[in-house]
>>> print(open('entry-v5.cif').read())   # mmCIF, C-alpha atoms
data_my_file
loop_
_atom_site.label_atom_id
_atom_site.label_comp_id
_atom_site.auth_asym_id
_atom_site.auth_seq_id
_atom_site.Cartn_x
_atom_site.Cartn_y
_atom_site.Cartn_z
CA MET A 28 184.38 271.27 145.46
CA GLY A 29 182.71 273.34 148.16
CA SER A 30 179.42 271.49 147.74
CA LEU A 31 181.15 268.11 147.85
CA HIS A 32 182.99 269.04 151.05
CA ALA A 33 179.79 270.36 152.61
CA GLN A 34 177.91 267.18 151.80
CA TYR A 35 180.77 265.08 153.17
CA GLU A 36 180.64 267.02 156.42
CA SER A 37 176.85 266.75 156.65
CA ALA A 38 177.17 262.98 156.51
CA ASN A 39 179.19 263.18 159.72
CA ASP A 40 178.41 264.33 163.24
CA LEU A 41 176.90 267.74 162.54
CA SER A 42 173.94 268.97 164.54
CA GLN A 43 170.55 268.91 162.83
CA LYS A 44 170.64 272.70 162.31
CA ASP A 45 174.15 272.61 160.87
CA ALA A 46 173.24 269.65 158.67
CA ILE A 47 170.28 271.58 157.20
CA LEU A 48 172.46 274.63 156.49
CA SER A 49 175.15 272.42 154.98
CA HIS A 50 172.55 270.70 152.79
CA GLN A 51 171.21 274.06 151.55
CA PHE A 52 174.74 275.22 150.74
CA THR A 53 175.35 271.93 148.92
CA LEU A 54 172.32 272.40 146.67
CA GLN A 55 173.21 276.04 145.92
CA GLN A 56 176.77 275.18 144.91
CA TYR A 57 175.64 272.10 143.02
CA ASN A 58 173.08 274.05 140.97
CA GLN A 59 175.61 276.80 140.24
CA ALA A 60 178.11 274.20 139.03
CA ILE A 61 175.55 272.63 136.68
CA ILE A 62 174.50 276.05 135.32
CA SER A 63 178.11 277.09 134.77
CA LEU A 64 178.93 273.84 133.00
CA ARG A 65 175.90 274.14 130.71
CA GLN A 66 176.80 277.73 129.82
CA ARG A 67 180.36 276.79 128.87
CA LEU A 68 179.20 273.84 126.78
CA SER A 69 176.43 275.85 125.07
CA GLY A 70 179.06 278.41 124.14
CA GLY A 71 180.78 275.83 121.99
CA GLU A 72 183.57 274.94 124.37
CA GLU A 73 184.21 271.21 124.12
CA LEU A 74 186.12 270.94 127.38
CA ILE A 75 185.98 267.19 127.73
CA GLU A 76 188.32 267.11 130.72
CA VAL A 77 186.19 269.64 132.61
CA THR A 78 182.97 267.88 131.72
CA LEU A 79 184.21 264.47 132.80
CA MET A 80 185.69 265.84 136.02
CA CYS A 81 182.33 267.48 136.77
CA CYS A 82 180.64 264.15 136.13
CA VAL A 83 182.94 262.49 138.67
CA LEU A 84 182.27 265.21 141.27
CA PHE A 85 178.52 265.04 140.65
CA ILE A 86 178.61 261.26 141.05
CA CYS A 87 180.45 261.62 144.36
CA LEU A 88 177.96 264.22 145.57
CA GLU A 89 174.88 262.19 144.64
CA CYS A 90 176.37 259.07 146.26
CA LEU A 91 176.88 261.04 149.46
CA ARG A 92 173.32 262.42 149.26
CA GLY A 93 171.94 258.93 148.69
CA ASN A 94 170.46 259.77 145.26
CA ARG A 95 171.62 256.57 143.62
CA GLU A 96 169.50 256.94 140.48
CA VAL A 97 170.82 260.46 139.84
CA ALA A 98 174.37 259.23 140.44
CA LEU A 99 173.75 256.51 137.86
CA SER A 100 172.45 259.15 135.44
CA HIS A 101 175.64 261.20 135.79
CA LEU A 102 177.68 258.04 135.34
CA HIS A 103 175.79 257.19 132.14
CA ASN A 104 176.48 260.71 130.85
CA GLY A 105 180.19 260.36 131.51
CA LEU A 106 180.29 256.93 129.90
CA ASN A 107 178.50 258.27 126.83
CA ILE A 108 181.04 261.08 126.50
CA LEU A 109 183.93 258.61 126.71
CA SER A 110 182.20 256.36 124.21
CA SER A 111 181.84 259.27 121.80
CA VAL A 112 185.51 260.16 122.21
CA SER A 113 186.51 256.55 121.55
CA THR A 114 184.35 256.40 118.42
CA LYS A 115 185.72 259.58 116.91
CA ARG A 116 189.34 258.78 117.77
CA LYS A 117 190.03 262.45 117.26
CA TYR A 118 190.61 264.79 120.20
CA ASN A 119 189.99 268.51 120.34
CA ASN A 120 193.01 270.67 121.15
CA THR A 121 191.27 272.06 124.24
CA PHE A 122 192.01 268.96 126.32
CA SER A 123 194.77 266.45 126.91
CA SER A 124 194.03 263.00 125.51
CA ASP A 125 196.69 261.53 127.80
CA PHE A 126 194.86 262.76 130.89
CA VAL A 127 191.57 261.32 129.68
CA GLN A 128 193.12 258.05 128.61
CA LYS A 129 195.31 257.43 131.67
CA ASN A 130 193.20 258.91 134.46
CA LEU A 131 189.56 259.63 133.73
CA ARG A 132 189.07 256.54 131.59
CA HIS A 133 190.50 254.47 134.46
CA ILE A 134 188.06 256.04 136.94
CA PHE A 135 185.05 255.48 134.69
CA SER A 136 186.20 251.94 133.95
CA ARG A 137 185.91 251.07 137.63
CA LEU A 138 182.58 252.86 137.93
CA ASP A 139 181.39 250.94 134.87
CA ALA A 140 181.98 247.69 136.76
CA GLN A 141 179.71 248.98 139.53
CA LEU A 142 177.10 249.86 136.94
CA THR A 143 176.84 246.26 135.75
CA LEU A 144 176.29 245.02 139.31
CA PHE A 145 173.30 247.33 139.60
CA GLY A 146 171.70 245.67 136.60
CA LYS A 147 172.18 248.62 134.27
CA PRO A 148 173.01 248.30 130.58
CA VAL A 149 176.65 247.66 129.85
CA SER A 150 178.35 250.73 128.42
CA ASP A 151 180.13 250.69 125.07
CA ILE A 152 183.35 252.38 126.18
CA TYR A 153 184.92 249.03 125.57
CA PRO A 154 184.08 246.47 122.88
CA SER A 155 181.48 243.87 123.82
CA SER A 156 182.87 241.15 126.05
CA GLU A 157 181.45 238.57 123.65
CA HIS A 158 183.61 239.74 120.74
CA THR A 159 186.90 240.53 122.40
CA ALA A 160 189.82 238.33 123.33
CA PRO A 161 190.04 237.40 127.03
CA PRO A 162 192.24 239.78 129.05
CA VAL A 163 195.93 238.95 128.96
CA VAL A 164 197.43 238.47 132.42
CA PRO A 165 201.15 239.31 132.87
CA HIS A 166 203.42 236.45 133.91
CA THR A 167 204.81 238.57 136.74
CA PHE A 168 203.73 241.55 138.83
CA ASN A 169 206.41 243.87 140.16
CA LYS A 170 204.06 246.04 142.19
CA ILE A 171 200.68 245.79 143.86
CA PHE A 172 199.46 248.46 141.45
CA GLU A 173 200.17 246.16 138.49
CA ALA A 174 198.19 243.34 140.08
CA LYS A 175 195.34 245.75 140.80
CA THR A 176 195.28 247.08 137.23
CA SER A 177 195.18 243.52 135.88
CA MET A 178 192.38 242.59 138.30
CA ASP A 179 190.39 245.68 137.26
CA THR A 180 190.52 244.45 133.66
CA LEU A 181 189.43 240.94 134.67
CA ILE A 182 186.58 242.33 136.77
CA ARG A 183 185.33 244.62 134.01
CA SER A 184 185.33 241.88 131.36
CA SER A 185 183.76 239.35 133.74
CA LEU A 186 180.98 241.60 134.97
CA GLN A 187 180.14 242.70 131.44
CA PHE A 188 179.69 239.04 130.60
CA VAL A 189 177.68 238.38 133.77
CA GLN A 190 175.30 241.25 133.00
CA SER A 191 174.83 240.04 129.42
CA THR A 192 173.53 236.69 130.70
CA VAL A 193 170.92 237.98 133.18
CA LYS A 194 167.92 238.10 130.83
CA ASN A 195 168.37 234.64 129.31
CA LYS A 196 169.39 232.35 132.14
CA TYR A 197 165.80 231.65 133.24
CA THR A 198 164.45 231.07 129.74
CA ASN A 199 167.19 229.70 127.50
CA THR A 200 169.92 227.10 127.78
CA PRO A 201 173.26 228.87 127.25
CA THR A 202 174.77 228.28 123.83
CA ALA A 203 178.11 226.56 123.36
CA SER A 204 179.74 229.89 122.47
CA VAL A 205 178.46 231.51 125.67
CA GLN A 206 179.72 228.61 127.77
CA MET A 207 183.09 228.78 126.01
CA ARG A 208 183.30 232.52 126.71
CA GLN A 209 182.65 231.87 130.39
CA LEU A 210 185.45 229.29 130.52
CA GLU A 211 187.84 231.64 128.71
CA LEU A 212 187.20 234.40 131.22
CA LEU A 213 187.51 232.05 134.20
CA ALA A 214 190.84 230.79 132.84
CA GLY A 215 192.31 234.26 133.27
CA PHE A 216 192.01 234.12 137.05
CA GLN A 217 194.40 231.20 137.42
CA PRO A 218 197.50 232.90 135.97
CA TRP A 219 196.53 236.07 137.84
CA GLN A 220 196.55 234.18 141.12
CA ARG A 221 199.91 232.57 140.33
CA SER A 222 201.47 235.94 139.50
CA PHE A 223 199.88 237.52 142.56
CA GLU A 224 201.06 234.82 144.98
CA ALA A 225 204.57 235.10 143.53
CA LEU A 226 204.42 238.83 144.21
CA MET A 227 203.28 238.20 147.78
CA LYS A 228 206.41 236.10 148.43
CA ASN A 229 208.48 239.23 147.88
CA THR A 230 209.16 240.43 151.43
CA GLU A 231 209.45 244.07 150.33
CA ILE A 232 205.72 244.11 149.58
CA HIS A 233 204.74 243.55 153.20
CA HIS A 234 206.35 246.66 154.73
CA SER A 235 203.57 249.05 153.78
CA LEU A 236 200.17 249.00 155.50
CA ASN A 237 198.66 250.26 152.25
CA ASP A 238 200.13 247.28 150.36
CA GLN A 239 198.72 244.94 153.01
CA ARG A 240 195.33 246.57 152.58
CA GLU A 241 195.45 246.36 148.79
CA ALA A 242 196.56 242.72 148.92
CA LEU A 243 193.58 241.75 151.08
CA LEU A 244 191.22 243.69 148.80
CA LEU A 245 192.64 241.90 145.76
CA ARG A 246 192.08 238.52 147.42
CA ILE A 247 188.48 239.52 148.16
CA HIS A 248 187.88 240.77 144.61
CA HIS A 249 189.43 237.65 143.13
CA LYS A 250 187.11 235.33 145.08
CA ALA A 251 183.99 237.45 144.56
CA THR A 252 184.48 237.87 140.80
CA VAL A 253 185.10 234.17 140.29
CA ILE A 254 181.84 233.42 142.14
CA TRP A 255 179.89 235.97 140.07
CA LEU A 256 181.34 234.58 136.85
CA SER A 257 181.06 230.88 137.72
CA THR A 258 177.38 231.03 138.70
CA CYS A 259 175.95 233.47 136.15
CA LEU A 260 174.60 230.88 133.69
CA LYS A 261 172.68 228.88 136.29
CA PRO A 262 169.13 229.91 137.26
CA ASN A 263 169.07 227.95 140.54
CA GLU A 264 170.23 229.64 143.73
CA THR A 265 171.64 226.40 145.12
CA VAL A 266 174.53 226.78 142.66
CA PHE A 267 176.10 229.13 145.22
CA ASP A 268 176.32 226.33 147.79
CA ALA A 269 179.44 225.01 146.03
CA TYR A 270 181.34 228.19 147.01
CA ILE A 271 181.02 228.11 150.79
CA GLU A 272 184.81 228.04 151.25
CA ASP A 273 185.23 231.02 148.92
CA PHE A 274 182.58 232.98 150.83
CA GLU A 275 184.36 232.13 154.07
CA SER A 276 187.62 233.36 152.55
CA ILE A 277 185.98 236.69 151.62
CA VAL A 278 184.77 237.19 155.19
CA SER A 279 188.11 236.13 156.66
CA SER A 280 190.02 238.60 154.46
CA ALA A 281 187.49 241.31 155.30
CA TRP A 282 188.05 240.79 159.04
CA GLY A 283 191.79 240.98 158.38
CA LEU A 284 191.23 244.24 156.56
CA ALA A 285 189.24 245.62 159.50
CA LYS A 286 192.25 245.08 161.78
CA ILE A 287 194.57 247.28 159.70
CA PRO A 288 194.73 250.80 161.19
CA ASN A 289 193.32 253.74 159.24
CA THR A 290 191.57 251.71 156.56
CA SER A 291 188.04 253.03 157.20
CA PHE A 292 186.76 255.88 155.04
CA LEU A 293 183.44 257.73 155.10
CA PHE A 294 183.45 257.78 151.32
CA ALA A 295 185.50 256.23 148.54
CA LEU A 296 184.67 256.31 144.85
CA ASP A 297 186.05 252.85 144.10
CA MET A 298 184.18 249.64 144.82
CA ALA A 299 186.14 247.89 147.57
CA ILE A 300 184.64 245.66 150.25
CA ILE A 301 180.89 246.40 150.40
CA ALA A 302 179.86 244.66 147.16
CA PRO A 303 181.71 241.36 147.93
CA LEU A 304 180.32 241.34 151.48
CA PHE A 305 176.80 241.98 150.18
CA LEU A 306 177.23 239.13 147.70
CA THR A 307 178.30 236.88 150.58
CA ALA A 308 175.42 237.96 152.79
CA ILE A 309 172.70 237.30 150.19
CA LYS A 310 174.11 234.32 148.28
CA CYS A 311 175.94 232.30 150.93
CA ARG A 312 173.31 230.35 152.83
CA CYS A 313 175.69 229.19 155.55
CA SER A 314 174.16 231.05 158.49
CA TRP A 315 177.27 232.06 160.43
CA ILE A 316 179.18 233.20 157.34
CA ARG A 317 176.39 235.41 156.01
CA ARG A 318 175.73 236.89 159.46
CA SER A 319 179.43 237.65 159.84
CA ALA A 320 179.31 239.45 156.47
CA ILE A 321 176.30 241.50 157.64
CA LYS A 322 178.08 242.38 160.88
CA LEU A 323 181.02 243.67 158.89
CA LEU A 324 178.72 245.70 156.62
CA TYR A 325 177.12 247.39 159.62
CA ALA A 326 180.60 248.21 160.97
CA ILE A 327 181.67 250.04 157.77
CA PRO A 328 181.20 253.77 158.45
CA GLY A 329 180.30 255.03 154.99
CA ARG A 330 179.95 254.41 151.27
CA GLU A 331 181.98 253.08 148.37
CA GLY A 332 180.79 254.62 145.15
CA LEU A 333 177.22 253.45 144.59
CA TRP A 334 177.37 251.12 147.58
CA ASP A 335 175.97 252.21 150.96
CA ALA A 336 177.21 249.79 153.63
CA LYS A 337 174.37 250.13 156.12
CA LEU A 338 171.65 250.21 153.46
CA HIS A 339 172.96 247.00 151.91
CA ALA A 340 173.38 245.45 155.35
CA THR A 341 169.72 246.19 156.09
CA VAL A 342 168.58 244.62 152.81
CA ALA A 343 170.81 241.58 153.35
CA GLU A 344 169.41 241.13 156.86
CA ARG A 345 165.88 241.21 155.43
CA ILE A 346 166.80 238.57 152.84
CA VAL A 347 168.17 236.30 155.57
CA ALA A 348 164.92 236.72 157.52
CA ILE A 349 162.82 235.87 154.44
CA GLU A 350 164.85 232.78 153.57
CA GLU A 351 165.11 231.42 157.10
CA ALA A 352 161.54 232.15 158.23
CA ARG A 353 160.39 228.64 157.29
CA LEU A 354 163.68 226.88 157.80
CA GLY A 355 163.14 223.60 159.64
CA GLU A 356 165.28 222.61 162.60
CA ALA A 357 166.80 219.76 160.61
CA ASP A 358 167.64 222.02 157.66
CA SER A 359 171.08 223.58 157.55
CA MET A 360 170.24 225.82 154.57
CA PRO A 361 166.99 227.00 152.96
CA ALA A 362 165.51 225.02 150.09
CA GLU A 363 165.58 226.44 146.57
CA SER A 364 161.92 227.48 146.78
CA LEU A 365 162.60 229.64 149.85
CA ARG A 366 165.50 231.59 148.41
CA VAL A 367 165.50 235.18 147.18
CA HIS A 368 166.89 235.40 143.65
CA ASN A 369 167.36 239.14 143.53
CA ALA A 370 166.76 242.32 145.50
CA GLU A 371 166.69 245.58 143.56
CA ILE A 372 167.41 248.61 145.75
CA LEU A 373 165.98 251.91 144.54
CA SER A 374 165.78 255.45 145.90
CA ASP A 375 162.74 257.72 145.99
CA ILE A 376 164.31 261.09 145.16
CA ALA A 377 160.95 262.90 145.34
CA VAL A 378 161.49 263.22 149.10
CA ASP A 379 164.49 264.79 150.82
CA PRO A 380 166.42 263.01 152.15
CA PRO A 381 165.73 260.24 149.62
CA ARG A 382 163.84 257.18 150.83
CA ASN A 383 165.14 253.76 149.89
CA TYR A 384 163.12 250.66 149.16
CA ALA A 385 163.83 247.18 147.88
CA THR A 386 162.01 244.92 145.44
CA PHE A 387 162.42 241.20 146.14
CA TYR A 388 162.21 238.48 143.49
CA THR A 389 161.48 234.84 144.39
CA LYS A 390 160.39 231.63 142.64
CA PRO A 391 158.56 229.63 145.31
CA ASN A 392 156.82 227.43 142.71
CA GLY A 393 159.98 226.19 141.04
CA LEU A 394 162.31 227.64 138.44
CA ASP A 395 159.68 227.13 135.75
CA GLY A 396 157.02 228.84 137.86
CA ASP A 397 156.04 232.49 137.90
CA TRP A 398 157.96 235.14 139.76
CA VAL A 399 156.63 236.33 143.10
CA VAL A 400 157.67 239.96 143.46
CA TRP A 401 157.01 242.51 146.18
CA LYS A 402 158.36 245.82 147.40
CA GLU A 403 159.27 246.91 150.92
#
>>> encode(input="entry-v5.cif", output="C-alpha cells")
Amino acid sequence: MGSLHAQYESANDLSQKDAILSHQFTLQQYNQAIISLRQRLSGGEELIEVTLMCCVLFICLECLRGNREVALSHLHNGLNILSSVSTKRKYNNTFSSDFVQKNLRHIFSRLDAQLTLFGKPVSDIYPSSEHTAPPVVPHTFNKIFEAKTSMDTLIRSSLQFVQSTVKNKYTNTPTASVQMRQLELLAGFQPWQRSFEALMKNTEIHHSLNDQREALLLRIHHKATVIWLSTCLKPNETVFDAYIEDFESIVSSAWGLAKIPNTSFLFALDMAIIAPLFLTAIKCRCSWIRRSAIKLLYAIPGREGLWDAKLHATVAERIVAIEEARLGEADSMPAESLRVHNAEILSDIAVDPPRNYATFYTKPNGLDGDWVVWKE
C-alpha cells in the first residue's frame, strides 16, 4: 500500500526532486511486495485472496506509472487465477470463496470489460458470449446499485461479443447465428432502459449527489455500449454516422457530470467516462461533438483503470487532424477513405517514465484495399 500511495502522490504536484524520491520508494516497495508474494506461493501457500488482491494493487500501481502493458499482464494473471478457480469449483480452506465470488470477481469482471476494449483476448472467467443465454434484465430496479450491476453484465457480454467479431468483419460476411446473437444482446438494453427510467421517477433517488453521478454514468454507458454493439459487424466507418444523436447524448451527460461537485478523481479503477468520450471523439465525425468530447477528456485530471484521459485526448485530437486534413469546405464530415479505423496505443516501458506511441490504421483505397498503417 505504501508504494501505491507514493505513486499516487508522485502523480500530483510534487517537486521534481520529491517525485524522483517517491518513484524510487515506489519501485523498492513494489519489488519487495512481488518477492514476498513469490516466496509465500513457492512455499505452498495457496492464498488466492492475497494473490488476487496483490494483482489488483499491482494493476493500480502500473496504471498510475503509465505502464499499460505491464498492467495488462497483471490483469491477465488475475483473470487466469479466477478462471482456474472457476474450473476446479473447489476452494482451498485458506481463503473465503464468498469474498472472491462477491468482491474480487466483481472487480475483475469490470477490468475484463476494459481488456476487451484494448483488443486483448477475451478471458474465460465466464462462458463464451456465443454459447450463453443473453443476460436477464430485472423488471424493476430498487436501487442505483442494482441498475449498475445489471449494466455491468450487459457491458461484459456485449464487449465480449464485440471483441470476437474484430478479426472477421473485414474479410467475412457475418453468419446468421452471429447476427442473431447481436440482436439478442441489443434486445437486453431496451428492458434495462425501461427499468432504469422507472427507477429515475422515484424522487428518493435524486437526493444523493452520488446517485446523480451514477445515474449520468449509467446513461453514458448505456449509449456507448449500444453504439459499440450495433456497429461491430460493419467494416465501414460511416456506420457510426447513424448515431450522432447518441454521441451528442454522451457528451451532454458528461458535461452534466462535470457540474456535480467532487466527482473528479486522480485515479479510479473502474472504467467510467474516459472510454465513452474517447469513442465519441474518434468515431463521431460531427466536428463540434467530437471536439467537445476532446475538451472534456483534457479536463479530466487523472486515469480510470487502463484509461489515461490526457493521453487518449491527445490521440483523439491527432485522429481528428488526420481525418479533417483533406476535408473540403463543402464537406460536413470526412469521406470513408479519409477515416481512421483504429488507433492502437502502446507504451515503451524500456524508458522511465514510459513513452507512449500510437499506431494508426486506415483504408484509403477502399474497404477491399490494403491497410495503410503507421506509428507516431
>>> residues_around(input="entry-v5.cif", residues="A:Asp397", least_positions_apart="3", cutoff="12 Å", atoms="only C-alpha atoms", output="PyMOL selection string")
chain A and resi 197-198+364+388-394+400
>>> resolve_selection(input="entry-v5.cif", expression="the PyMOL selection byres ((chain A and resi 181-186) around 7)", output="PDB file with C-alpha atoms, in the coordinates of the input")
ATOM      1  CA  ALA A 140     181.980 247.690 136.760  1.00  0.00           C
ATOM      2  CA  THR A 143     176.840 246.260 135.750  1.00  0.00           C
ATOM      3  CA  SER A 156     182.870 241.150 126.050  1.00  0.00           C
ATOM      4  CA  PRO A 162     192.240 239.780 129.050  1.00  0.00           C
ATOM      5  CA  SER A 177     195.180 243.520 135.880  1.00  0.00           C
ATOM      6  CA  MET A 178     192.380 242.590 138.300  1.00  0.00           C
ATOM      7  CA  ASP A 179     190.390 245.680 137.260  1.00  0.00           C
ATOM      8  CA  THR A 180     190.520 244.450 133.660  1.00  0.00           C
ATOM      9  CA  GLN A 187     180.140 242.700 131.440  1.00  0.00           C
ATOM     10  CA  PHE A 188     179.690 239.040 130.600  1.00  0.00           C
ATOM     11  CA  VAL A 189     177.680 238.380 133.770  1.00  0.00           C
ATOM     12  CA  GLN A 190     175.300 241.250 133.000  1.00  0.00           C
ATOM     13  CA  LEU A 212     187.200 234.400 131.220  1.00  0.00           C
ATOM     14  CA  THR A 252     184.480 237.870 140.800  1.00  0.00           C
ATOM     15  CA  LEU A 256     181.340 234.580 136.850  1.00  0.00           C
TER      16      LEU A 256
END
>>> resolve_selection(input="entry-v5.cif", expression="the PyMOL selection byres ((chain A and resi 372) around 12)", output="short mmCIF file (atom, residue, chain, number, x, y, z; two decimals) with C-alpha atoms, in the frame of the given file")
data_model
loop_
_atom_site.label_atom_id
_atom_site.label_comp_id
_atom_site.auth_asym_id
_atom_site.auth_seq_id
_atom_site.Cartn_x
_atom_site.Cartn_y
_atom_site.Cartn_z
CA GLY A 93 171.94 258.93 148.69
CA ASN A 94 170.46 259.77 145.26
CA ARG A 95 171.62 256.57 143.62
CA GLU A 96 169.50 256.94 140.48
CA LEU A 144 176.29 245.02 139.31
CA PHE A 145 173.30 247.33 139.60
CA GLY A 146 171.70 245.67 136.60
CA LEU A 333 177.22 253.45 144.59
CA TRP A 334 177.37 251.12 147.58
CA ASP A 335 175.97 252.21 150.96
CA LEU A 338 171.65 250.21 153.46
CA HIS A 339 172.96 247.00 151.91
CA ALA A 340 173.38 245.45 155.35
CA THR A 341 169.72 246.19 156.09
CA VAL A 342 168.58 244.62 152.81
CA ALA A 343 170.81 241.58 153.35
CA ASN A 369 167.36 239.14 143.53
CA ALA A 370 166.76 242.32 145.50
CA GLU A 371 166.69 245.58 143.56
CA LEU A 373 165.98 251.91 144.54
CA SER A 374 165.78 255.45 145.90
CA ASP A 375 162.74 257.72 145.99
CA ARG A 382 163.84 257.18 150.83
CA ASN A 383 165.14 253.76 149.89
CA TYR A 384 163.12 250.66 149.16
CA ALA A 385 163.83 247.18 147.88
CA THR A 386 162.01 244.92 145.44
CA PHE A 387 162.42 241.20 146.14
CA TYR A 388 162.21 238.48 143.49
CA LYS A 402 158.36 245.82 147.40
CA GLU A 403 159.27 246.91 150.92
#
>>> resolve_selection(input="entry-v5.cif", expression="the PyMOL selection byres ((chain A and resi 102) around 10)", output="ChimeraX atom specification")
/A:79,82-83,85-86,96-101,103-108,135,138-139,142
>>> closest_residue(input="entry-v5.cif", among="A:Asn229, A:Thr78, A:Ala302, A:Leu91", to="A:Gly329", atoms="all atoms listed in the file")
A:Leu91
>>> decode(input="entry-v5.cif", residues="stretch 184-208 of chain A", atoms="N, CA and C atoms", output="compact mmCIF listing (two decimals), in the first residue's frame")
# COMPACT_ATOMS: atom_id res chain seq x y z
N SER A 184 -21.01 -8.85 -21.48
CA SER A 184 -21.46 -9.76 -22.54
C SER A 184 -21.34 -9.09 -23.91
N SER A 185 -21.68 -7.81 -23.99
CA SER A 185 -21.64 -7.09 -25.26
C SER A 185 -20.22 -6.92 -25.77
N LEU A 186 -19.31 -6.52 -24.88
CA LEU A 186 -17.95 -6.27 -25.31
C LEU A 186 -17.22 -7.57 -25.63
N GLN A 187 -17.57 -8.65 -24.95
CA GLN A 187 -17.01 -9.95 -25.34
C GLN A 187 -17.41 -10.28 -26.77
N PHE A 188 -18.68 -10.03 -27.10
CA PHE A 188 -19.15 -10.28 -28.45
C PHE A 188 -18.45 -9.36 -29.44
N VAL A 189 -18.35 -8.09 -29.10
CA VAL A 189 -17.69 -7.11 -29.99
C VAL A 189 -16.27 -7.55 -30.30
N GLN A 190 -15.52 -7.94 -29.26
CA GLN A 190 -14.14 -8.35 -29.48
C GLN A 190 -14.05 -9.61 -30.35
N SER A 191 -15.01 -10.49 -30.23
CA SER A 191 -14.98 -11.74 -31.00
C SER A 191 -15.22 -11.50 -32.49
N THR A 192 -15.73 -10.32 -32.85
CA THR A 192 -16.04 -10.04 -34.25
C THR A 192 -14.94 -9.26 -34.97
N VAL A 193 -13.93 -8.78 -34.23
CA VAL A 193 -12.95 -7.85 -34.80
C VAL A 193 -12.20 -8.45 -35.98
N LYS A 194 -11.75 -9.69 -35.86
CA LYS A 194 -10.89 -10.28 -36.89
C LYS A 194 -11.62 -10.57 -38.19
N ASN A 195 -12.93 -10.81 -38.12
CA ASN A 195 -13.65 -11.28 -39.31
C ASN A 195 -14.43 -10.22 -40.06
N LYS A 196 -14.64 -9.05 -39.47
CA LYS A 196 -15.58 -8.13 -40.10
C LYS A 196 -15.07 -7.54 -41.42
N TYR A 197 -13.75 -7.58 -41.64
CA TYR A 197 -13.20 -7.05 -42.90
C TYR A 197 -13.06 -8.13 -43.97
N THR A 198 -13.22 -9.39 -43.58
CA THR A 198 -12.98 -10.47 -44.53
C THR A 198 -14.18 -11.36 -44.77
N ASN A 199 -15.06 -11.48 -43.80
CA ASN A 199 -16.19 -12.41 -43.93
C ASN A 199 -17.51 -11.73 -43.63
N THR A 200 -18.54 -12.14 -44.36
CA THR A 200 -19.89 -11.68 -44.05
C THR A 200 -20.36 -12.40 -42.80
N PRO A 201 -20.90 -11.68 -41.81
CA PRO A 201 -21.32 -12.35 -40.57
C PRO A 201 -22.38 -13.41 -40.83
N THR A 202 -22.27 -14.53 -40.15
CA THR A 202 -23.24 -15.61 -40.31
C THR A 202 -24.56 -15.22 -39.67
N ALA A 203 -25.59 -15.99 -40.00
CA ALA A 203 -26.92 -15.73 -39.43
C ALA A 203 -26.90 -15.86 -37.92
N SER A 204 -26.13 -16.82 -37.39
CA SER A 204 -26.08 -17.03 -35.95
C SER A 204 -25.40 -15.85 -35.25
N VAL A 205 -24.38 -15.30 -35.88
CA VAL A 205 -23.69 -14.13 -35.31
C VAL A 205 -24.62 -12.93 -35.30
N GLN A 206 -25.33 -12.71 -36.40
CA GLN A 206 -26.27 -11.60 -36.46
C GLN A 206 -27.39 -11.77 -35.43
N MET A 207 -27.86 -12.99 -35.25
CA MET A 207 -28.90 -13.26 -34.26
C MET A 207 -28.40 -12.98 -32.85
N ARG A 208 -27.14 -13.35 -32.58
CA ARG A 208 -26.55 -13.09 -31.27
C ARG A 208 -26.48 -11.59 -31.00
